[in-house]
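One file, upload23.txt, carrying compact mmCIF, C-alpha atoms and all ligand atoms:
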```
# COMPACT_ATOMS: atom_id res chain seq x y z
CA MET A 6 0.00 0.00 0.00
CA ALA A 7 3.03 2.24 0.35
CA LEU A 8 3.19 2.45 -3.43
CA VAL A 9 -0.39 3.56 -3.65
CA ARG A 10 0.24 6.24 -1.10
CA ASP A 11 3.43 7.33 -2.87
CA ARG A 12 1.58 7.56 -6.14
CA ARG A 13 -1.12 9.72 -4.68
CA GLN A 14 1.47 12.11 -3.34
CA LEU A 15 2.97 12.69 -6.77
CA ASN A 16 1.34 15.15 -9.06
CA LEU A 17 0.36 12.84 -11.88
CA ARG A 18 -2.49 15.07 -12.93
CA LEU A 19 -1.74 17.04 -16.05
CA PRO A 20 -2.54 20.74 -16.10
CA LEU A 21 -5.30 22.18 -18.21
CA THR A 22 -4.26 25.01 -20.46
CA GLU A 23 -4.32 28.19 -18.42
CA LEU A 24 -7.16 30.53 -19.18
CA SER A 25 -6.65 34.25 -19.36
CA ASN A 26 -6.68 36.15 -16.10
CA ARG A 27 -10.06 37.61 -16.90
CA ARG A 28 -12.43 35.71 -14.63
CA PRO A 29 -15.87 35.29 -16.12
CA ARG A 30 -18.73 35.16 -13.67
CA PHE A 31 -20.43 31.80 -13.44
CA PRO A 32 -23.35 31.63 -15.86
CA LEU A 33 -26.49 32.33 -13.89
CA PRO A 34 -29.04 31.17 -13.17
CA LEU A 35 -27.04 28.06 -12.45
CA PRO A 36 -28.60 25.14 -14.26
CA LEU A 37 -30.50 22.49 -12.39
CA PRO A 38 -29.79 18.85 -13.07
CA PRO A 39 -32.59 17.14 -15.02
CA SER A 40 -33.46 14.58 -12.38
CA SER A 41 -36.68 14.90 -10.43
CA SER A 42 -34.59 14.22 -7.35
CA ALA A 43 -32.96 17.54 -8.06
CA ALA A 44 -35.97 19.10 -6.44
CA ALA A 45 -34.25 18.43 -3.13
CA ALA A 46 -32.31 21.59 -3.68
CA THR A 47 -31.91 24.29 -6.23
CA SER A 48 -29.77 27.24 -7.10
CA SER A 49 -29.73 30.98 -6.90
CA SER A 50 -27.49 33.87 -7.61
CA THR A 51 -27.98 35.33 -4.16
CA ALA A 52 -28.06 33.29 -1.00
CA GLY A 53 -28.52 29.91 -2.62
CA SER A 54 -32.21 29.76 -1.82
CA GLY A 55 -34.33 28.17 -4.52
CA ALA A 56 -37.78 27.37 -5.80
CA ALA A 57 -37.96 24.05 -4.00
CA GLY A 58 -37.35 25.92 -0.76
CA THR A 59 -33.97 24.46 0.02
CA SER A 60 -31.14 26.82 0.71
CA LEU A 61 -27.58 26.43 1.84
CA SER A 62 -28.66 27.67 5.24
CA ASP A 63 -30.76 24.50 5.60
CA LEU A 64 -27.54 22.51 5.55
CA GLU A 65 -25.28 21.85 8.48
CA SER A 66 -21.71 20.66 8.06
CA LEU A 67 -20.98 17.31 9.69
CA GLY A 68 -17.30 17.45 8.79
CA VAL A 69 -14.92 17.33 5.87
CA LEU A 70 -15.02 14.35 3.50
CA GLY A 71 -11.92 15.39 1.61
CA HIS A 72 -10.03 18.00 -0.32
CA GLY A 73 -9.63 18.04 -4.06
CA ASN A 74 -7.62 20.15 -6.44
CA GLY A 75 -10.02 23.01 -6.28
CA GLY A 76 -12.20 22.71 -3.25
CA THR A 77 -13.34 20.99 -0.13
CA VAL A 78 -16.07 18.38 0.07
CA TYR A 79 -18.18 18.46 3.25
CA LYS A 80 -20.58 15.95 4.67
CA ALA A 81 -23.75 17.99 5.09
CA LEU A 82 -26.96 17.36 6.95
CA HIS A 83 -30.22 18.75 5.60
CA ARG A 84 -31.83 19.80 8.88
CA ARG A 85 -35.49 19.48 7.87
CA THR A 86 -35.29 16.05 6.25
CA SER A 87 -32.21 14.64 8.03
CA ALA A 88 -30.91 13.63 4.62
CA VAL A 89 -27.12 13.56 4.34
CA TYR A 90 -25.37 14.97 1.27
CA ALA A 91 -21.87 15.71 0.04
CA LEU A 92 -21.33 19.43 -0.54
CA LYS A 93 -18.38 20.45 -2.68
CA VAL A 94 -17.38 24.08 -2.15
CA VAL A 95 -15.02 25.84 -4.52
CA GLN A 96 -13.81 29.29 -3.51
CA ALA A 97 -14.62 32.28 -5.67
CA ASP A 98 -10.95 33.21 -5.92
CA CYS A 99 -9.87 29.79 -7.23
CA ASP A 100 -7.38 29.87 -10.09
CA ALA A 101 -8.37 29.74 -13.74
CA THR A 102 -7.66 26.03 -14.11
CA VAL A 103 -9.86 25.11 -11.18
CA ARG A 104 -12.57 27.46 -12.44
CA ARG A 105 -12.51 25.82 -15.83
CA GLN A 106 -12.72 22.33 -14.29
CA LEU A 107 -15.61 23.46 -12.13
CA LEU A 108 -17.54 24.78 -15.11
CA ARG A 109 -17.02 21.48 -16.92
CA GLU A 110 -18.14 19.53 -13.89
CA MET A 111 -21.23 21.70 -13.44
CA GLU A 112 -22.19 21.35 -17.09
CA ILE A 113 -21.89 17.58 -17.00
CA LEU A 114 -23.64 17.14 -13.66
CA ARG A 115 -26.47 19.25 -15.06
CA ARG A 116 -26.84 16.82 -17.96
CA THR A 117 -26.51 13.50 -16.20
CA ASP A 118 -29.25 11.50 -14.55
CA SER A 119 -28.17 7.92 -14.00
CA PRO A 120 -28.00 5.56 -11.02
CA HIS A 121 -24.43 4.85 -12.08
CA VAL A 122 -23.22 8.45 -11.92
CA VAL A 123 -22.97 10.42 -8.67
CA ARG A 124 -26.11 12.49 -8.60
CA CYS A 125 -26.14 16.26 -8.30
CA HIS A 126 -29.01 17.71 -6.29
CA GLY A 127 -28.31 21.38 -6.87
CA ILE A 128 -25.71 24.01 -7.58
CA PHE A 129 -25.52 27.19 -5.51
CA GLU A 130 -23.57 30.39 -5.69
CA LYS A 131 -22.97 31.91 -2.28
CA PRO A 132 -23.10 35.68 -1.83
CA ASN A 133 -19.30 35.75 -1.60
CA GLY A 134 -19.04 34.04 -4.99
CA ASP A 135 -18.09 30.58 -3.71
CA ILE A 136 -19.76 27.79 -5.66
CA ALA A 137 -21.32 24.83 -3.85
CA ILE A 138 -22.39 21.60 -5.53
CA LEU A 139 -24.80 19.45 -3.56
CA MET A 140 -24.31 15.77 -4.39
CA GLU A 141 -25.50 12.45 -3.15
CA HIS A 142 -23.30 11.26 -0.32
CA MET A 143 -21.30 8.15 -1.21
CA ASP A 144 -20.82 6.90 2.31
CA ALA A 145 -18.37 4.04 1.76
CA GLY A 146 -15.59 6.13 0.20
CA SER A 147 -13.89 5.42 -3.09
CA LEU A 148 -12.41 2.29 -4.66
CA GLN A 149 -9.05 3.83 -3.76
CA THR A 150 -9.84 3.97 -0.05
CA LEU A 151 -11.37 0.46 -0.15
CA LEU A 152 -8.23 -0.83 -1.86
CA GLU A 153 -6.03 0.76 0.78
CA ALA A 154 -8.16 -0.89 3.46
CA SER A 155 -8.47 -4.34 1.92
CA GLY A 156 -5.26 -4.83 -0.06
CA THR A 157 -6.90 -6.51 -3.07
CA PHE A 158 -10.38 -7.24 -4.45
CA SER A 159 -11.79 -10.69 -5.18
CA GLU A 160 -12.90 -11.48 -8.72
CA LYS A 161 -16.53 -11.68 -7.58
CA HIS A 162 -16.22 -8.19 -6.16
CA LEU A 163 -14.44 -6.99 -9.30
CA ALA A 164 -17.15 -8.37 -11.58
CA ALA A 165 -19.72 -6.31 -9.68
CA VAL A 166 -17.47 -3.22 -9.75
CA ALA A 167 -16.96 -3.68 -13.50
CA ARG A 168 -20.69 -4.01 -14.11
CA HIS A 169 -21.47 -0.81 -12.20
CA VAL A 170 -18.76 1.22 -13.94
CA LEU A 171 -19.60 -0.17 -17.38
CA ASN A 172 -23.22 0.79 -16.91
CA GLY A 173 -22.04 4.29 -15.99
CA LEU A 174 -19.71 4.52 -18.99
CA ASN A 175 -22.42 3.14 -21.26
CA TYR A 176 -24.70 5.93 -20.05
CA LEU A 177 -22.05 8.64 -20.39
CA HIS A 178 -20.82 7.52 -23.79
CA SER A 179 -24.36 7.25 -25.14
CA HIS A 180 -24.77 10.89 -24.06
CA LYS A 181 -21.49 11.75 -25.81
CA ILE A 182 -19.63 12.38 -22.57
CA ILE A 183 -16.08 11.11 -22.19
CA HIS A 184 -14.92 10.95 -18.60
CA ARG A 185 -11.14 11.04 -19.25
CA ASP A 186 -10.13 10.41 -15.63
CA ILE A 187 -11.40 6.95 -14.70
CA LYS A 188 -9.32 5.69 -11.76
CA PRO A 189 -10.01 4.16 -8.34
CA SER A 190 -10.28 7.49 -6.50
CA ASN A 191 -12.94 8.78 -8.92
CA LEU A 192 -15.19 5.74 -8.47
CA LEU A 193 -17.23 6.27 -5.32
CA VAL A 194 -19.05 3.62 -3.32
CA ASN A 195 -22.09 3.74 -1.06
CA SER A 196 -23.15 1.48 1.77
CA ALA A 197 -25.30 -0.54 -0.65
CA MET A 198 -21.92 -1.18 -2.32
CA GLU A 199 -23.01 0.50 -5.50
CA VAL A 200 -20.13 2.04 -7.43
CA LYS A 201 -20.75 5.37 -9.18
CA ILE A 202 -18.65 7.53 -11.46
CA ALA A 203 -17.63 10.92 -10.03
CA ASP A 204 -15.37 13.90 -10.74
CA PHE A 205 -16.05 15.34 -14.18
CA GLY A 206 -13.47 18.13 -13.95
CA VAL A 207 -11.59 17.01 -17.07
CA SER A 208 -14.44 15.33 -18.92
CA LYS A 209 -15.49 16.31 -22.39
CA ILE A 210 -18.85 16.58 -24.07
CA MET A 211 -18.49 15.59 -27.71
CA CYS A 212 -20.50 17.88 -29.99
CA ARG A 213 -20.35 15.52 -32.93
CA THR A 214 -19.78 11.79 -32.99
CA LEU A 215 -16.43 12.13 -34.77
CA ASP A 216 -15.11 15.08 -32.79
CA ALA A 217 -11.44 14.89 -32.11
CA CYS A 218 -10.59 14.37 -28.47
CA ASN A 219 -6.94 15.14 -28.11
CA SER A 220 -6.72 17.36 -25.04
CA TYR A 221 -3.90 16.33 -22.78
CA VAL A 222 -5.72 16.38 -19.48
CA GLY A 223 -6.40 13.87 -16.75
CA THR A 224 -4.25 11.68 -14.56
CA CYS A 225 -1.42 10.47 -16.76
CA ALA A 226 -0.93 7.12 -15.04
CA TYR A 227 -4.28 5.88 -16.33
CA MET A 228 -3.99 7.42 -19.80
CA SER A 229 -4.19 5.22 -22.85
CA PRO A 230 -1.15 5.01 -25.16
CA GLU A 231 -2.83 7.14 -27.85
CA ARG A 232 -3.55 9.91 -25.34
CA PHE A 233 -0.08 9.85 -23.89
CA ASP A 234 1.54 9.95 -27.32
CA PRO A 235 -1.07 11.13 -29.85
CA ASP A 236 1.46 11.74 -32.65
CA SER A 237 2.32 8.06 -32.87
CA TYR A 238 -1.34 7.22 -33.22
CA GLY A 239 -2.26 9.60 -36.02
CA GLY A 240 -3.05 12.70 -33.97
CA ASN A 241 -6.70 12.43 -33.09
CA TYR A 242 -8.10 9.51 -31.20
CA ASP A 243 -11.26 7.93 -29.92
CA GLY A 244 -11.66 9.25 -26.39
CA TYR A 245 -14.38 6.73 -25.60
CA ALA A 246 -11.84 3.92 -25.96
CA GLY A 247 -9.51 5.85 -23.65
CA ASP A 248 -12.04 5.44 -20.83
CA ILE A 249 -11.99 1.67 -21.44
CA TRP A 250 -8.20 1.55 -21.14
CA SER A 251 -8.42 3.40 -17.82
CA LEU A 252 -11.10 1.01 -16.61
CA GLY A 253 -8.95 -2.01 -17.53
CA LEU A 254 -6.00 -0.57 -15.60
CA THR A 255 -8.23 0.26 -12.64
CA LEU A 256 -9.66 -3.27 -12.41
CA LEU A 257 -6.25 -4.86 -12.76
CA GLU A 258 -4.90 -2.57 -10.03
CA LEU A 259 -7.73 -3.64 -7.73
CA TYR A 260 -6.92 -7.28 -8.47
CA LEU A 261 -3.17 -6.95 -7.98
CA GLY A 262 -3.21 -4.46 -5.12
CA HIS A 263 -0.70 -2.20 -6.87
CA PHE A 264 -0.60 -0.08 -10.01
CA PRO A 265 -0.18 -2.60 -12.86
CA LEU A 266 2.36 -0.69 -14.95
CA LEU A 267 4.85 -0.55 -12.10
CA GLY A 268 6.15 -3.24 -9.84
CA PRO A 269 5.19 -3.24 -6.15
CA GLY A 270 7.34 -0.64 -4.43
CA GLN A 271 8.48 0.97 -7.69
CA ARG A 272 8.25 4.74 -7.52
CA PRO A 273 6.13 6.24 -10.26
CA ASP A 274 7.50 9.09 -12.31
CA TRP A 275 6.64 10.61 -15.64
CA ALA A 276 9.42 8.95 -17.69
CA THR A 277 8.78 5.47 -16.28
CA LEU A 278 5.09 5.78 -16.97
CA MET A 279 5.66 7.13 -20.46
CA CYS A 280 7.90 4.16 -21.32
CA ALA A 281 5.56 1.62 -19.77
CA ILE A 282 2.42 2.98 -21.44
CA CYS A 283 3.78 3.85 -24.86
CA PHE A 284 6.60 1.39 -25.47
CA GLY A 285 5.78 -1.58 -23.26
CA GLU A 286 3.27 -4.34 -23.84
CA PRO A 287 -0.09 -3.75 -22.14
CA PRO A 288 -0.15 -5.23 -18.65
CA ARG A 289 -1.83 -8.60 -18.33
CA SER A 290 -3.44 -10.44 -15.43
CA PRO A 291 -1.30 -13.01 -13.63
CA ASP A 292 -1.83 -16.76 -14.06
CA SER A 293 -3.69 -16.86 -10.76
CA ALA A 294 -6.60 -14.99 -12.38
CA SER A 295 -9.50 -16.82 -14.02
CA GLU A 296 -9.60 -17.13 -17.77
CA GLU A 297 -12.67 -14.90 -17.83
CA PHE A 298 -10.99 -12.08 -15.92
CA ARG A 299 -7.80 -12.34 -17.93
CA ASN A 300 -9.74 -12.12 -21.16
CA PHE A 301 -11.88 -9.24 -19.89
CA VAL A 302 -8.79 -7.21 -18.99
CA GLU A 303 -7.28 -8.00 -22.38
CA CYS A 304 -10.41 -6.68 -24.10
CA CYS A 305 -9.88 -3.35 -22.26
CA LEU A 306 -6.09 -3.11 -22.45
CA GLN A 307 -5.53 -3.26 -26.19
CA LYS A 308 -2.88 -0.82 -27.37
CA GLU A 309 -4.81 -0.31 -30.59
CA SER A 310 -7.83 1.71 -29.45
CA SER A 311 -10.11 0.35 -32.19
CA LYS A 312 -9.62 -3.16 -30.79
CA ARG A 313 -10.88 -2.23 -27.33
CA TRP A 314 -14.40 -3.34 -26.58
CA THR A 315 -17.17 -0.82 -25.97
CA PRO A 316 -19.05 -0.66 -22.63
CA ALA A 317 -22.04 -2.39 -24.26
CA GLN A 318 -19.85 -5.22 -25.54
CA LEU A 319 -18.08 -5.58 -22.20
CA LEU A 320 -21.40 -5.77 -20.36
CA ASN A 321 -21.98 -8.96 -22.37
CA HIS A 322 -18.54 -10.37 -21.61
CA PRO A 323 -18.73 -13.64 -19.60
CA PHE A 324 -16.77 -12.03 -16.74
CA VAL A 325 -19.68 -9.72 -15.94
CA ALA A 326 -22.67 -11.09 -17.88
CA GLY A 327 -24.99 -13.64 -16.40
CA LYS A 328 -23.73 -13.19 -12.86
CA ASP A 329 -25.62 -11.92 -9.86
CA PRO A 330 -26.56 -8.38 -10.93
CA GLY A 331 -26.55 -7.12 -7.35
CA ALA A 332 -24.15 -4.81 -5.60
CA CYS A 333 -20.46 -5.46 -5.23
CA SER A 334 -20.44 -6.77 -1.68
N1 LIG A 401 -20.36 12.58 -3.46
C1 LIG A 401 -19.37 12.30 -2.60
N2 LIG A 401 -19.61 11.53 -1.53
C2 LIG A 401 -18.61 11.23 -0.66
N3 LIG A 401 -17.34 11.66 -0.79
C3 LIG A 401 -17.05 12.46 -1.84
C4 LIG A 401 -18.04 12.83 -2.79
N4 LIG A 401 -17.46 13.60 -3.74
C5 LIG A 401 -16.17 13.70 -3.38
N5 LIG A 401 -15.92 13.04 -2.24
C6 LIG A 401 -14.61 12.92 -1.59
O1 LIG A 401 -14.09 14.20 -1.38
C7 LIG A 401 -12.70 14.25 -1.72
C8 LIG A 401 -12.44 15.38 -2.68
O2 LIG A 401 -13.17 15.18 -3.86
P1 LIG A 401 -13.00 16.09 -5.14
O3 LIG A 401 -13.93 15.60 -6.18
O4 LIG A 401 -13.09 17.51 -4.74
O5 LIG A 401 -11.52 15.91 -5.53
P2 LIG A 401 -10.68 14.67 -6.02
O6 LIG A 401 -11.42 13.89 -7.05
O7 LIG A 401 -10.20 13.86 -4.89
O8 LIG A 401 -9.40 15.39 -6.57
P3 LIG A 401 -9.23 16.33 -7.80
O9 LIG A 401 -9.96 17.59 -7.53
O10 LIG A 401 -7.77 16.48 -7.81
O11 LIG A 401 -9.76 15.57 -8.97
C9 LIG A 401 -12.35 12.88 -2.27
O12 LIG A 401 -11.67 12.18 -1.26
C10 LIG A 401 -13.64 12.21 -2.54
O13 LIG A 401 -13.60 10.82 -2.29
```
What's the structure tokens form of this structure?
Amino acid sequence: MALVRDRRQLNLRLPLTELSNRRPRFPLPLPLPPSSSAAAATSSSTAGSGAAGTSLSDLESLGVLGHGNGGTVYKALHRRTSAVYALKVVQADCDATVRRQLLREMEILRRTDSPHVVRCHGIFEKPNGDIAILMEHMDAGSLQTLLEASGTFSEKHLAAVARHVLNGLNYLHSHKIIHRDIKPSNLLVNSAMEVKIADFGVSKIMCRTLDACNSYVGTCAYMSPERFDPDSYGGNYDGYAGDIWSLGLTLLELYLGHFPLLGPGQRPDWATLMCAICFGEPPRSPDSASEEFRNFVECCLQKESSKRWTPAQLLNHPFVAGKDPGACS
């Protein structure tokens, strides 16, 4: 687990292109997510009070769930209903990169309504300009924290994890959204052991089916070869297939208990990762894994992006298909 901790301490996230210093105001009124459950809260340009009657002042902080690049996520109690939420607060004076990620995240959360994607219940702007995103609380942490606690995942557990994430990716991709940062810490888990996709700060909404998707953003360790080195792969690439590569690496990491492209204890750095991803053979499951799991991982970790299976195809793969469709307990 030391490796995992080491890796998290390194800045493997690639910077977004800096915006100009001119800071646009957030577009108001802030959009509501489409879900009916969004009625739990709404947004406003003033004190965050909305049509459904919920305001930020109805929420009480129960503590900090974590800190991200741009903000702090609080566990928040809705006093009237006793419902518990996660409230992500990004300060008004955040830098341009964080602001841009926040706008992306807000836009995607506004569009998504799926049981496999962390649900947004409202977006508020506080009077001081801070932005607060009210989300469903995923009370069992992330796959990263579960991995650190358990060491490795069983194949049965992994099949359930894979099914949940594939359903989420199937939903996102069918809505032309590419996540671009699938990794254990962005896959959140609740006490029903449902796994949901979170953190859309570097995601992209494709305007047309064949849009190029060559922005160099995300966490480089989980990047597909064609994203890491687009020139060698003809420039543009299929970003949807990039999410599948990241999923394959994630599942293999959960199986092995360490990041698959590096040996246990090996310190990750940019050059090592670059060589492993672009010049090495894709990582494969060890002999101890079942044939089904080995083949599933191989279907995800194809260097040639066109050979990677789609989420719909993978949902029919024997590793996940036909098994207990329940949660990943
Ligand atoms: N809906 C949620 N329920 C429970 N915990 C959450 C929720 N959303 C985020 N968290 C936790 O809060 C912490 C910060 O999350 P946030 O999305 O701000 O950043 P991050 O994904 O960790 O990092 P970065 O901003 O660098 O991508 C993480 O530890 C995450 O697990």
Min atom-atom distance to ligand LIG 401 (chain A) from the set A:Thr77, A:Ser66, A:Ser179, A:Ser60, counting all atoms listed in the file, belongs to A:Thr77
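Closest approach to Gln96 (chain A) among A:Lys131, A:Lys181, A:Cys125, A:Leu108: A:Lys131, based on all atoms listed in the file.
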Taken to one decimal, the CA of His180 (chain A)-atom O8 of ligand LIG 401 (chain A) distance is 23.7 Å
Expressed in Å, the length from CA of Pro189 (chain A) to CA of Glu65 (chain A) is 28.8 Å
Mind working out the centre and edge lengths of an axis-aligned box for ligand LIG 401 (chain A), all listed atoms inside, 6 Å added to each side, rounded to one decimal in Å and written as JSON?
```
{"center_x": -14.1, "center_y": 14.2, "center_z": -4.8, "size_x": 24.6, "size_y": 18.8, "size_z": 20.3}
```
* List all protein, DNA and RNA residues that have at least one atom no more than 9 Å from any atom of ligand LIG 401 (chain A), counting all atoms listed in the file, and write them as a PyMOL selection string. => chain A and resi 18+69-80+90-95+103+106+123-125+139-150+186+190-195+203-207+223-224
Across A:Leu256, A:Leu319, A:Val170, A:Ile113, the smallest distance to Ile183 (chain A), with only C-alpha atoms counted, is shown by A:Ile113
Using all atoms listed in the file, find the one residue out of A:Tyr227, A:Phe284, A:Trp250, A:Trp275 that sits nearest to Trp314 (chain A).
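Selected residue with least distance to Trp314 (chain A): A:Trp250.
Distances to Pro316 (chain A) were evaluated for A:Thr86, A:Thr157, A:Ser119, A:Asn172 using only C-alpha atoms, and the minimum falls at A:Asn172.
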**Item:** d(CA of Ala167 (chain A), CA of Ala326 (chain A)) in Å
**Value:**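 Answer for the CA of Ala167 (chain A) to CA of Ala326 (chain A) separation: 10.3 Å.
Nearest-residue note for Ser159 (chain A): choosing from A:Gly134, A:Gly262, A:Pro291, A:Gly268, the minimum distance belongs to A:Gly262, counting only C-alpha atoms.
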> Within 8 Å of (-2.7, 5.9, -25.5), only C-alpha atoms: residues as a list in words?
Replying inline: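 Within the cut-off we find Met228, Ser229, Pro230, Glu231, Arg232, Phe233, Asp234, Pro235, Tyr238, Gly247, Ile282, Cys283, Lys308 and Ser310 of chain A.
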Next, the residues of the selection above should be written as a PDB file, in the coordinates of the input with C-alpha atoms.
```
ATOM      1  CA  MET A 228      -3.990   7.420 -19.800  1.00  0.00           C
ATOM      2  CA  SER A 229      -4.190   5.220 -22.850  1.00  0.00           C
ATOM      3  CA  PRO A 230      -1.150   5.010 -25.160  1.00  0.00           C
ATOM      4  CA  GLU A 231      -2.830   7.140 -27.850  1.00  0.00           C
ATOM      5  CA  ARG A 232      -3.550   9.910 -25.340  1.00  0.00           C
ATOM      6  CA  PHE A 233      -0.080   9.850 -23.890  1.00  0.00           C
ATOM      7  CA  ASP A 234       1.540   9.950 -27.320  1.00  0.00           C
ATOM      8  CA  PRO A 235      -1.070  11.130 -29.850  1.00  0.00           C
ATOM      9  CA  TYR A 238      -1.340   7.220 -33.220  1.00  0.00           C
ATOM     10  CA  GLY A 247      -9.510   5.850 -23.650  1.00  0.00           C
ATOM     11  CA  ILE A 282       2.420   2.980 -21.440  1.00  0.00           C
ATOM     12  CA  CYS A 283       3.780   3.850 -24.860  1.00  0.00           C
ATOM     13  CA  LYS A 308      -2.880  -0.820 -27.370  1.00  0.00           C
ATOM     14  CA  SER A 310      -7.830   1.710 -29.450  1.00  0.00           C
TER      15      SER A 310
END
```
task: In the coordinate frame of the file, compute which residues have an atom within 12 Å of (-12.1, -14.9, -21.9) when using all atoms listed in the file, and state them as a PyMOL selection string.
output: chain A and resi 290+294-305+319+321-326
